[in-house]
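Dumped my_file31.txt below, it's compact mmCIF, C-alpha atoms:
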# COMPACT_ATOMS: atom_id res chain seq x y z
CA MET A 1 26.44 426.69 -3.92
CA SER A 2 25.82 423.63 -6.01
CA ALA A 3 27.25 420.20 -5.23
CA LEU A 4 29.23 420.35 -8.47
CA VAL A 5 30.99 423.51 -7.36
CA ILE A 6 31.84 421.96 -3.98
CA GLN A 7 33.18 418.81 -5.63
CA ARG A 8 35.41 420.86 -7.94
CA ALA A 9 36.63 422.85 -4.95
CA MET A 10 37.59 419.67 -3.11
CA LEU A 11 39.59 418.40 -6.08
CA LEU A 12 41.41 421.69 -6.45
CA ARG A 13 42.16 421.81 -2.70
CA CYS A 14 43.62 418.31 -2.93
CA LYS A 15 45.92 419.52 -5.68
CA ALA A 16 46.79 422.59 -3.64
CA ILE A 17 48.36 420.47 -0.92
CA LYS A 18 51.21 419.77 -3.31
CA GLU A 19 51.33 422.90 -5.42
CA GLY A 20 51.05 425.53 -2.69
CA PRO A 21 48.80 428.32 -1.54
CA ALA A 22 49.01 430.10 -4.92
CA LEU A 23 46.96 427.36 -6.52
CA VAL A 24 44.37 427.64 -3.75
CA GLN A 25 43.96 431.34 -4.47
CA ASN A 26 43.47 430.57 -8.17
CA ALA A 27 40.85 428.00 -7.25
CA TYR A 28 38.89 430.54 -5.25
CA LYS A 29 39.02 432.98 -8.17
CA HIS A 30 37.91 430.28 -10.60
CA LEU A 31 34.90 429.52 -8.41
CA GLY A 32 34.09 433.17 -7.96
CA VAL A 33 34.57 433.01 -4.19
CA SER A 34 36.38 435.80 -2.31
CA PRO A 35 37.23 434.59 1.22
CA THR A 36 38.05 437.28 3.76
CA LEU A 37 40.47 435.01 5.70
CA SER A 38 43.33 435.90 3.38
CA HIS A 39 45.94 434.59 5.80
CA THR A 40 44.80 431.06 5.01
CA LEU A 41 46.19 431.55 1.54
CA ASN A 42 49.65 432.37 2.86
CA ARG A 43 50.00 429.28 5.02
CA SER A 44 50.16 425.59 4.28
CA PRO A 45 46.66 424.13 4.54
CA SER A 46 48.09 421.25 6.57
CA LEU A 47 49.05 423.68 9.34
CA LEU A 48 45.45 424.78 9.58
CA GLY A 49 44.22 421.22 9.81
CA ILE A 50 42.76 421.19 6.31
CA SER A 51 42.69 417.82 4.61
CA PRO A 52 42.13 417.29 0.92
CA PHE A 53 39.26 415.03 1.96
CA SER A 54 37.64 417.50 4.37
CA SER A 55 34.11 418.70 3.76
CA LEU A 56 34.20 422.39 2.82
CA SER A 57 31.57 425.11 2.89
CA PHE A 58 31.80 428.74 1.96
CA GLY A 59 29.59 431.72 2.57
CA PRO A 60 27.86 433.75 5.24
CA GLN A 61 25.71 431.01 6.70
CA LYS A 62 26.37 429.63 10.21
CA VAL A 63 27.84 426.13 10.27
CA SER A 64 29.44 425.86 13.70
CA ASN A 65 29.07 427.16 17.22
CA ASN A 66 32.29 429.17 16.90
CA LEU A 67 31.37 431.17 13.77
CA THR A 68 28.82 433.92 13.29
CA PRO A 69 26.81 434.93 10.25
CA GLY A 70 28.72 437.18 7.95
CA SER A 71 32.05 435.44 8.54
CA SER A 72 34.04 433.85 5.79
CA PHE A 73 35.27 430.52 6.93
CA VAL A 74 36.42 427.07 6.10
CA SER A 75 34.71 424.33 8.06
CA VAL A 76 36.78 421.16 8.45
CA ARG A 77 35.56 417.73 9.42
CA ARG A 78 38.03 414.89 8.87
CA PRO A 79 36.22 411.72 7.84
CA HIS A 80 37.37 408.17 8.59
CA LEU A 81 39.62 407.20 5.70
CA PRO A 82 41.68 404.15 4.79
CA GLN A 83 45.24 404.07 6.22
CA THR A 84 46.78 404.12 2.74
CA MET A 85 45.22 407.56 2.12
CA GLN A 86 47.01 409.22 5.08
CA THR A 87 49.88 411.52 4.15
CA ARG A 88 51.67 411.78 7.56
CA GLN A 89 55.08 410.07 7.91
CA LYS A 90 54.83 407.27 10.45
CA SER A 91 57.36 406.29 13.10
CA ILE A 92 58.82 402.82 12.92
CA PHE A 93 57.37 402.12 16.34
CA GLU A 94 53.85 402.61 14.94
CA HIS A 95 54.35 399.52 12.81
CA ARG A 96 51.73 396.89 13.45
CA TRP A 97 54.44 394.46 14.63
CA PHE A 98 54.85 396.66 17.71
CA HIS A 99 51.11 397.10 18.12
CA PRO A 100 49.41 393.84 17.09
CA GLU A 101 45.70 394.01 16.41
CA PRO A 102 43.54 392.24 19.00
CA LYS A 103 41.59 389.18 18.06
CA PRO A 104 37.97 389.72 17.11
CA GLY A 105 35.92 390.31 20.21
CA GLU A 106 38.89 391.04 22.46
CA PRO A 107 39.76 394.50 23.83
CA PRO A 108 43.10 396.10 22.77
CA LYS A 109 46.06 395.02 24.90
CA GLN A 110 49.14 397.03 25.84
CA SER A 111 52.17 395.75 23.97
CA TYR A 112 55.69 395.66 25.44
CA ARG A 113 57.36 394.81 22.14
CA VAL A 114 58.92 398.28 21.86
CA PHE A 115 60.47 397.96 25.32
CA TRP A 116 61.87 394.48 24.76
CA THR A 117 63.10 395.32 21.27
CA MET A 118 65.06 398.32 22.56
CA THR A 119 66.34 396.30 25.54
CA ILE A 120 67.67 393.50 23.32
CA PHE A 121 69.16 395.98 20.86
CA LEU A 122 70.96 397.98 23.56
CA GLY A 123 72.16 394.79 25.24
CA ALA A 124 73.60 393.47 21.99
CA PHE A 125 75.23 396.83 21.27
CA SER A 126 76.80 396.97 24.76
CA ALA A 127 78.11 393.42 24.47
CA ALA A 128 79.65 394.16 21.09
CA TYR A 129 81.23 397.33 22.45
CA LEU A 130 82.81 395.54 25.41
CA GLN A 131 83.94 392.61 23.26
CA TRP A 132 85.50 394.45 20.33
CA VAL A 133 85.32 398.24 20.49
CA ALA A 134 86.57 398.87 24.05
CA PRO A 135 89.71 396.66 23.73
CA TYR A 136 90.48 398.28 20.38
CA LEU A 137 90.19 401.79 21.81
CA GLN A 138 92.26 400.84 24.83
CA GLU A 139 95.01 399.36 22.67
CA ARG A 140 94.94 402.36 20.35
CA ASN A 141 95.19 404.80 23.27
CA ALA A 142 98.04 402.80 24.78
CA ALA A 143 99.87 402.82 21.46
CA SER A 144 99.23 406.53 21.11
CA GLY A 145 100.51 407.17 24.64
CA ALA A 146 103.59 405.08 23.97
CA ALA A 147 104.21 406.98 20.75
CA VAL A 148 103.91 410.32 22.56
CA THR A 149 106.23 409.11 25.32
CA GLY A 150 108.69 407.74 22.80
CA ALA A 151 108.61 410.94 20.79
CA ALA A 152 109.22 412.98 23.92
CA ALA A 153 112.07 410.71 24.93
CA LEU A 154 113.67 410.96 21.50
CA ALA A 155 113.09 414.67 21.14
CA ASN A 156 116.66 415.17 22.28
CA ALA A 157 119.13 412.50 21.24
CA GLU A 158 121.83 413.70 23.62
CA PRO A 159 122.80 411.03 26.20
CA VAL A 160 121.75 411.78 29.77
CA PHE A 161 124.95 410.57 31.45
CA ASP A 162 128.63 410.68 30.69
CA LYS A 163 130.32 407.36 31.36
CA ASP A 164 133.68 409.02 32.09
CA LYS A 165 132.77 412.29 33.79
CA PHE A 166 130.56 413.15 36.77
CA GLN A 167 127.79 415.64 36.04
CA ASP A 168 125.47 417.41 38.47
CA TYR A 169 121.72 416.66 38.50
CA THR A 170 119.08 418.63 40.39
CA ILE A 171 116.71 416.95 42.85
CA LYS A 172 113.10 417.49 41.71
CA SER A 173 111.39 415.79 44.63
CA ILE A 174 112.06 413.76 47.76
CA LYS A 175 109.43 411.35 49.07
CA PRO A 176 109.86 409.33 52.28
CA TYR A 177 109.21 405.62 51.72
CA ASN A 178 109.63 404.39 55.28
CA ALA A 179 111.54 405.37 58.41
CA ASN A 180 115.00 405.09 56.81
CA THR A 181 114.38 405.09 53.03
CA LYS A 182 113.53 407.89 50.60
CA LEU A 183 112.74 408.19 46.90
CA PHE A 184 114.93 410.82 45.22
CA THR A 185 113.77 412.02 41.79
CA PHE A 186 116.29 413.89 39.64
CA ALA A 187 115.66 416.01 36.53
CA THR A 188 117.46 415.17 33.30
CA PRO A 189 119.27 418.16 31.74
CA GLN A 190 117.21 418.47 28.56
CA GLY A 191 114.06 416.58 29.46
CA GLN A 192 115.12 413.34 27.82
CA ALA A 193 114.61 409.80 29.11
CA THR A 194 117.57 407.89 30.54
CA ASN A 195 116.93 404.82 28.33
CA LEU A 196 119.22 402.78 30.59
CA SER A 197 119.72 399.18 29.59
CA VAL A 198 118.77 396.30 31.91
CA ALA A 199 120.53 395.68 34.15
CA SER A 200 122.66 398.78 34.74
CA ALA A 201 123.47 401.26 37.50
CA LEU A 202 124.95 404.74 38.08
CA PHE A 203 127.93 405.97 40.05
CA ALA A 204 126.96 408.73 42.51
CA ARG A 205 128.97 411.23 44.57
CA PRO A 206 128.47 414.73 46.07
CA ALA A 207 128.13 417.55 43.53
CA GLU A 208 131.03 419.84 42.69
CA GLY A 209 131.44 422.56 45.31
CA ALA A 210 129.11 420.94 47.85
CA GLU A 211 129.67 421.40 51.57
CA ASN A 212 130.25 418.71 54.22
CA VAL A 213 131.32 416.22 51.59
CA PRO A 214 132.16 412.73 52.96
CA LEU A 215 135.67 411.65 51.98
CA ASN A 216 137.32 408.24 51.65
CA ASP A 217 140.73 407.19 53.00
CA LYS A 218 142.44 408.95 50.08
CA GLY A 219 140.73 412.24 50.82
CA GLU A 220 138.47 411.96 47.78
CA PRO A 221 134.65 412.22 47.71
CA VAL A 222 132.95 408.91 48.50
CA VAL A 223 131.46 407.16 45.46
CA ARG A 224 128.70 404.53 45.48
CA TRP A 225 126.56 402.98 42.76
CA TYR A 226 122.76 402.96 42.71
CA THR A 227 120.16 401.36 40.46
CA PRO A 228 117.22 403.53 39.32
CA VAL A 229 113.80 402.14 40.22
CA SER A 230 111.93 404.30 37.70
CA ASP A 231 111.02 403.29 34.15
CA ALA A 232 113.96 404.12 31.87
CA GLY A 233 111.55 405.27 29.15
CA VAL A 234 109.98 408.09 31.18
CA PRO A 235 111.25 411.42 29.84
CA GLY A 236 112.56 414.21 32.02
CA GLU A 237 113.52 412.35 35.20
CA PHE A 238 114.86 409.27 36.97
CA THR A 239 114.29 408.02 40.52
CA LEU A 240 116.58 406.32 43.05
CA MET A 241 115.48 404.51 46.19
CA ILE A 242 118.17 405.13 48.82
CA LYS A 243 118.21 403.59 52.27
CA ARG A 244 120.09 405.38 55.03
CA TYR A 245 122.66 403.33 56.91
CA ASP A 246 123.85 404.94 60.13
CA ASP A 247 127.34 403.53 59.63
CA GLY A 248 127.33 404.37 55.90
CA LYS A 249 129.60 407.01 54.39
CA LEU A 250 127.41 408.43 51.60
CA THR A 251 123.77 407.64 52.48
CA PRO A 252 123.64 409.96 55.54
CA TYR A 253 124.88 412.79 53.33
CA ILE A 254 122.33 412.07 50.59
CA HIS A 255 119.49 411.96 53.13
CA SER A 256 120.52 415.44 54.33
CA LEU A 257 119.91 416.95 50.88
CA LYS A 258 116.77 418.94 50.02
CA GLU A 259 114.79 419.58 46.86
CA GLY A 260 116.78 421.85 44.57
CA ASP A 261 120.13 420.47 45.79
CA LYS A 262 122.38 418.53 43.44
CA LEU A 263 124.10 415.16 43.29
CA ALA A 264 126.67 414.09 40.70
CA PHE A 265 126.35 410.95 38.53
CA LYS A 266 128.26 409.20 35.79
CA GLY A 267 127.66 405.98 33.94
CA PRO A 268 125.85 403.83 33.22
CA ILE A 269 127.56 400.78 34.66
CA LYS A 270 126.31 397.88 32.57
CA LYS A 271 125.88 394.88 34.81
CA PHE A 272 124.13 391.86 33.33
CA ALA A 273 122.81 392.11 29.75
CA TYR A 274 119.36 390.64 30.22
CA LYS A 275 117.67 389.05 27.20
CA ALA A 276 114.01 388.15 27.04
CA ASN A 277 113.25 384.44 27.56
CA GLU A 278 116.93 383.51 27.66
CA PHE A 279 116.18 381.37 30.72
CA GLU A 280 113.20 379.22 31.62
CA GLN A 281 113.51 380.05 35.33
CA VAL A 282 115.21 382.89 37.18
CA GLY A 283 115.89 383.02 40.92
CA LEU A 284 116.32 386.36 42.66
CA ILE A 285 117.80 386.56 46.16
CA GLY A 286 118.05 389.97 47.77
CA GLY A 287 118.29 391.83 51.02
CA GLY A 288 117.62 395.43 52.07
CA SER A 289 118.29 398.01 49.36
CA GLY A 290 119.82 395.24 47.24
CA ILE A 291 116.31 394.73 45.89
CA THR A 292 116.70 397.58 43.38
CA PRO A 293 118.64 395.78 40.59
CA LEU A 294 116.48 392.67 41.06
CA TYR A 295 113.36 394.79 40.77
CA GLN A 296 114.74 396.44 37.64
CA ILE A 297 115.13 393.06 35.97
CA VAL A 298 111.79 391.53 36.95
CA ARG A 299 109.75 394.64 36.15
CA HIS A 300 111.40 394.98 32.76
CA ALA A 301 110.86 391.29 31.93
CA LEU A 302 107.23 391.09 33.08
CA LYS A 303 106.33 394.21 31.10
CA ASP A 304 107.08 392.22 27.95
CA LYS A 305 103.90 390.41 26.84
CA SER A 306 105.99 387.68 25.19
CA ASN A 307 107.74 386.79 28.46
CA THR A 308 107.62 383.10 29.42
CA THR A 309 110.38 383.08 32.07
CA LYS A 310 109.27 382.18 35.60
CA PHE A 311 110.75 384.47 38.28
CA THR A 312 111.00 383.60 41.98
CA LEU A 313 112.19 386.26 44.46
CA LEU A 314 113.46 385.48 47.97
CA TYR A 315 113.69 388.80 49.78
CA GLY A 316 115.12 389.22 53.29
CA ASN A 317 114.93 392.19 55.70
CA LEU A 318 115.25 393.00 59.38
CA THR A 319 111.51 393.60 60.05
CA GLU A 320 108.29 393.88 58.04
CA ASP A 321 108.59 397.67 57.99
CA ASP A 322 111.98 397.39 56.27
CA ILE A 323 110.58 395.56 53.22
CA LEU A 324 111.17 397.90 50.27
CA LEU A 325 109.01 398.05 47.14
CA ARG A 326 106.52 395.63 48.66
CA ARG A 327 103.50 397.33 47.12
CA GLU A 328 105.13 397.18 43.71
CA LEU A 329 106.22 393.56 44.12
CA ASP A 330 102.80 392.43 45.35
CA GLU A 331 101.19 394.18 42.39
CA LEU A 332 103.51 392.38 39.97
CA LYS A 333 102.58 389.09 41.62
CA ARG A 334 98.88 389.90 41.27
CA GLN A 335 99.26 390.82 37.61
CA HIS A 336 101.56 387.89 36.71
CA PRO A 337 100.67 384.96 38.99
CA ARG A 338 102.08 382.36 36.60
CA THR A 339 105.44 383.99 35.96
CA PHE A 340 106.28 385.74 39.23
CA ASP A 341 106.35 384.74 42.88
CA VAL A 342 107.85 386.46 45.91
CA VAL A 343 108.61 385.13 49.39
CA TYR A 344 109.45 387.56 52.20
CA PHE A 345 111.81 386.79 55.09
CA VAL A 346 112.49 388.89 58.21
CA ASP A 347 114.95 388.44 61.05
CA LYS A 348 112.51 389.78 63.64
CA LYS A 349 108.85 389.18 62.88
CA THR A 350 106.64 391.68 64.69
CA THR A 351 103.27 391.04 63.02
CA GLY A 352 101.03 388.11 62.14
CA ASP A 353 101.56 388.60 58.40
CA LYS A 354 101.26 385.13 56.87
CA GLU A 355 103.04 386.24 53.71
CA VAL A 356 106.25 386.85 55.68
CA GLN A 357 108.46 384.07 57.02
CA SER A 358 110.67 384.41 60.06
CA GLY A 359 114.41 383.77 59.82
CA PHE A 360 117.30 384.09 57.39
CA ILE A 361 117.31 382.82 53.82
CA GLY A 362 119.23 379.53 53.95
CA ILE A 363 119.94 376.39 51.97
CA LYS A 364 116.56 374.84 52.81
CA ASP A 365 114.81 377.86 51.29
CA VAL A 366 117.02 377.73 48.21
CA LYS A 367 116.09 374.09 47.67
CA ALA A 368 112.42 374.69 48.44
CA TYR A 369 111.79 377.61 46.09
CA LEU A 370 114.46 377.50 43.37
CA PRO A 371 114.69 374.84 40.63
CA ASP A 372 117.07 371.91 40.78
CA PRO A 373 120.28 373.27 39.20
CA LYS A 374 121.32 369.90 37.78
CA VAL A 375 117.98 369.42 36.02
CA ALA A 376 117.61 373.02 34.82
CA GLY A 377 121.19 373.28 33.56
CA ASN A 378 121.83 376.40 31.51
CA LYS A 379 118.10 377.25 31.51
CA VAL A 380 118.27 378.70 35.03
CA LYS A 381 119.97 381.80 36.42
CA VAL A 382 120.15 383.15 39.97
CA PHE A 383 120.80 386.84 40.66
CA VAL A 384 122.02 387.89 44.11
CA CYS A 385 122.26 391.36 45.65
CA GLY A 386 122.34 392.32 49.31
CA PRO A 387 124.47 393.44 52.24
CA PRO A 388 127.91 391.81 52.65
CA GLY A 389 126.74 389.38 55.35
CA GLN A 390 123.93 388.03 53.20
CA MET A 391 126.10 387.82 50.09
CA LYS A 392 128.67 385.78 52.01
CA ALA A 393 126.01 383.37 53.29
CA ILE A 394 124.19 382.94 49.98
CA SER A 395 126.78 383.15 47.18
CA GLY A 396 130.07 384.44 48.51
CA THR A 397 131.25 388.02 48.06
CA LYS A 398 132.56 389.58 44.86
CA ALA A 399 136.28 389.98 44.19
CA GLY A 400 136.28 393.69 43.43
CA MET A 401 134.55 394.19 40.09
CA LYS A 402 134.82 390.47 39.33
CA GLN A 403 132.28 387.83 40.32
CA GLY A 404 134.60 385.95 42.64
CA GLU A 405 134.33 382.34 43.73
CA LEU A 406 130.90 380.84 44.35
CA SER A 407 130.23 379.64 47.90
CA GLY A 408 127.49 379.62 50.52
CA ALA A 409 123.98 378.18 50.25
CA LEU A 410 123.86 378.25 46.45
CA LYS A 411 126.98 376.16 46.11
CA GLU A 412 125.73 373.74 48.75
CA ALA A 413 122.48 373.40 46.81
CA GLY A 414 124.41 372.33 43.70
CA PHE A 415 124.57 375.56 41.70
CA ILE A 416 127.68 376.36 39.70
CA GLU A 417 129.29 379.71 38.90
CA GLU A 418 127.78 379.89 35.40
CA GLN A 419 124.31 379.75 36.92
CA VAL A 420 124.83 382.63 39.40
CA TYR A 421 125.37 386.36 38.95
CA LYS A 422 126.33 388.68 41.82
CA PHE A 423 125.47 392.38 41.70

Could you express the structure from this file as structure tokens?
Amino acid sequence: MSALVIQRAMLLRCKAIKEGPALVQNAYKHLGVSPTLSHTLNRSPSLLGISPFSSLSFGPQKVSNNLTPGSSFVSVRRPHLPQTMQTRQKSIFEHRWFHPEPKPGEPPKQSYRVFWTMTIFLGAFSAAYLQWVAPYLQERNAASGAAVTGAAALANAEPVFDKDKFQDYTIKSIKPYNANTKLFTFATPQGQATNLSVASALFARPAEGAENVPLNDKGEPVVRWYTPVSDAGVPGEFTLMIKRYDDGKLTPYIHSLKEGDKLAFKGPIKKFAYKANEFEQVGLIGGGSGITPLYQIVRHALKDKSNTTKFTLLYGNLTEDDILLRRELDELKRQHPRTFDVVYFVDKKTTGDKEVQSGFIGIKDVKAYLPDPKVAGNKVKVFVCGPPGQMKAISGTKAGMKQGELSGALKEAGFIEEQVYKF
């Protein structure tokens, strides 16, 4: 075949790359060539390795070691062509910035620019994620969880308790806390949250129709008040921490109950109406199970991100094992070191725990850990709750439902009645 025919074939093959195999077939017909490899006309020439700049030959002559005379064939040899004439899409990592050309006379060197570029990019992306994205997602999830919890709590607007009438509540679970204290979790009647205000408590007595009911001097069921230690916004349940006193009238009975049994409650009894940041400093003095209303206040206050009040808790017990809610109190101290501090006291120290002091809470401790009442004025408040002996020594006992006269260590330290509240 003449060189002119081959040249025309090359030009038509170049055009065929874009216009498809049909044009290739027309080119063969125009040249008067009938190739026997008809499948080449039904496939893209690029899949067969054919380039528009390949050298082509047609006919029965032998042109390679793999073809025999009589075969119809296309022989391809890709010449060295300028980079601008290549049709393949290049990866960004084939850019010459990632593979710099060596200096004249120097051998090619391995480049690490791809590695370092990806390392810097991923590092910057991770830093941006931790700085902005992660906090945003965490805040959004927290808000979503709060919305779900709030929706569940408000799903039923019926109040959980009746302030005038005792109602029975079923025990969902009982978990021992220590040798003489248990956590009793009760189910709410319609799955709603208690939404109790801070600080408030509940009256408790044996359920209607219960057996072995403890009675008072008037032959009536014994009634005591307890402060829930669970979050008031949690729907479906509330939890009481109840310590058994061997000489008590109601606690031995409550400790004899099992899951599925019932206890009657009414309320709530609104104690002190706590307001955020009403005081600059708050002192908390408690003993034994009297920690529960103090814990209710401090947990509620510290949960508020706008809180600026500084809380100091002086908590007395018989031994280290009798300290209630210690894990929870220590965790609050760890989370809020600037606004919460707790000092433990025990009558009989049995361990080398440096966080626990030996002895009773007295006037020297009040002066050491609580603010000067004359300087603080109406910006300080002290809450007291504990067994009768401790109440008498620290603040004086209550006069029934009234606060009663202030006495004891707080009065000796200079506090006045307006600065003290007795639970």

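Of the listed residues (A:Ala301, A:Ile361, A:Val282, A:Met118), A:Val282 comes nearest to Ala376 of chain A; the distances count only C-alpha atoms.
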
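With only C-alpha atoms as the atoms that count, the minimum distance from Gly260 of chain A to the choices A:Thr350, A:Gln131, A:Gln403, A:Ser173 is reached by A:Ser173.
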
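Between atom CA of Lys310 of chain A and atom CA of Asp330 of chain A there is a distance of 15.6 Å.
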
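Within 10 Å of Phe161 of chain A, once only C-alpha atoms are used and residues closer than 3 positions along the same chain are dropped, the contacting residues are Glu158, Asp164, Lys165, Phe166, Gln167, Asp168, Tyr169, Thr188, Pro189, Thr194, Leu196, Leu202, Phe265, Lys266, Gly267 and Pro268 of chain A.
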
Atom CA of Leu410 of chain A to atom CA of Phe272 of chain A measures 18.9 Å
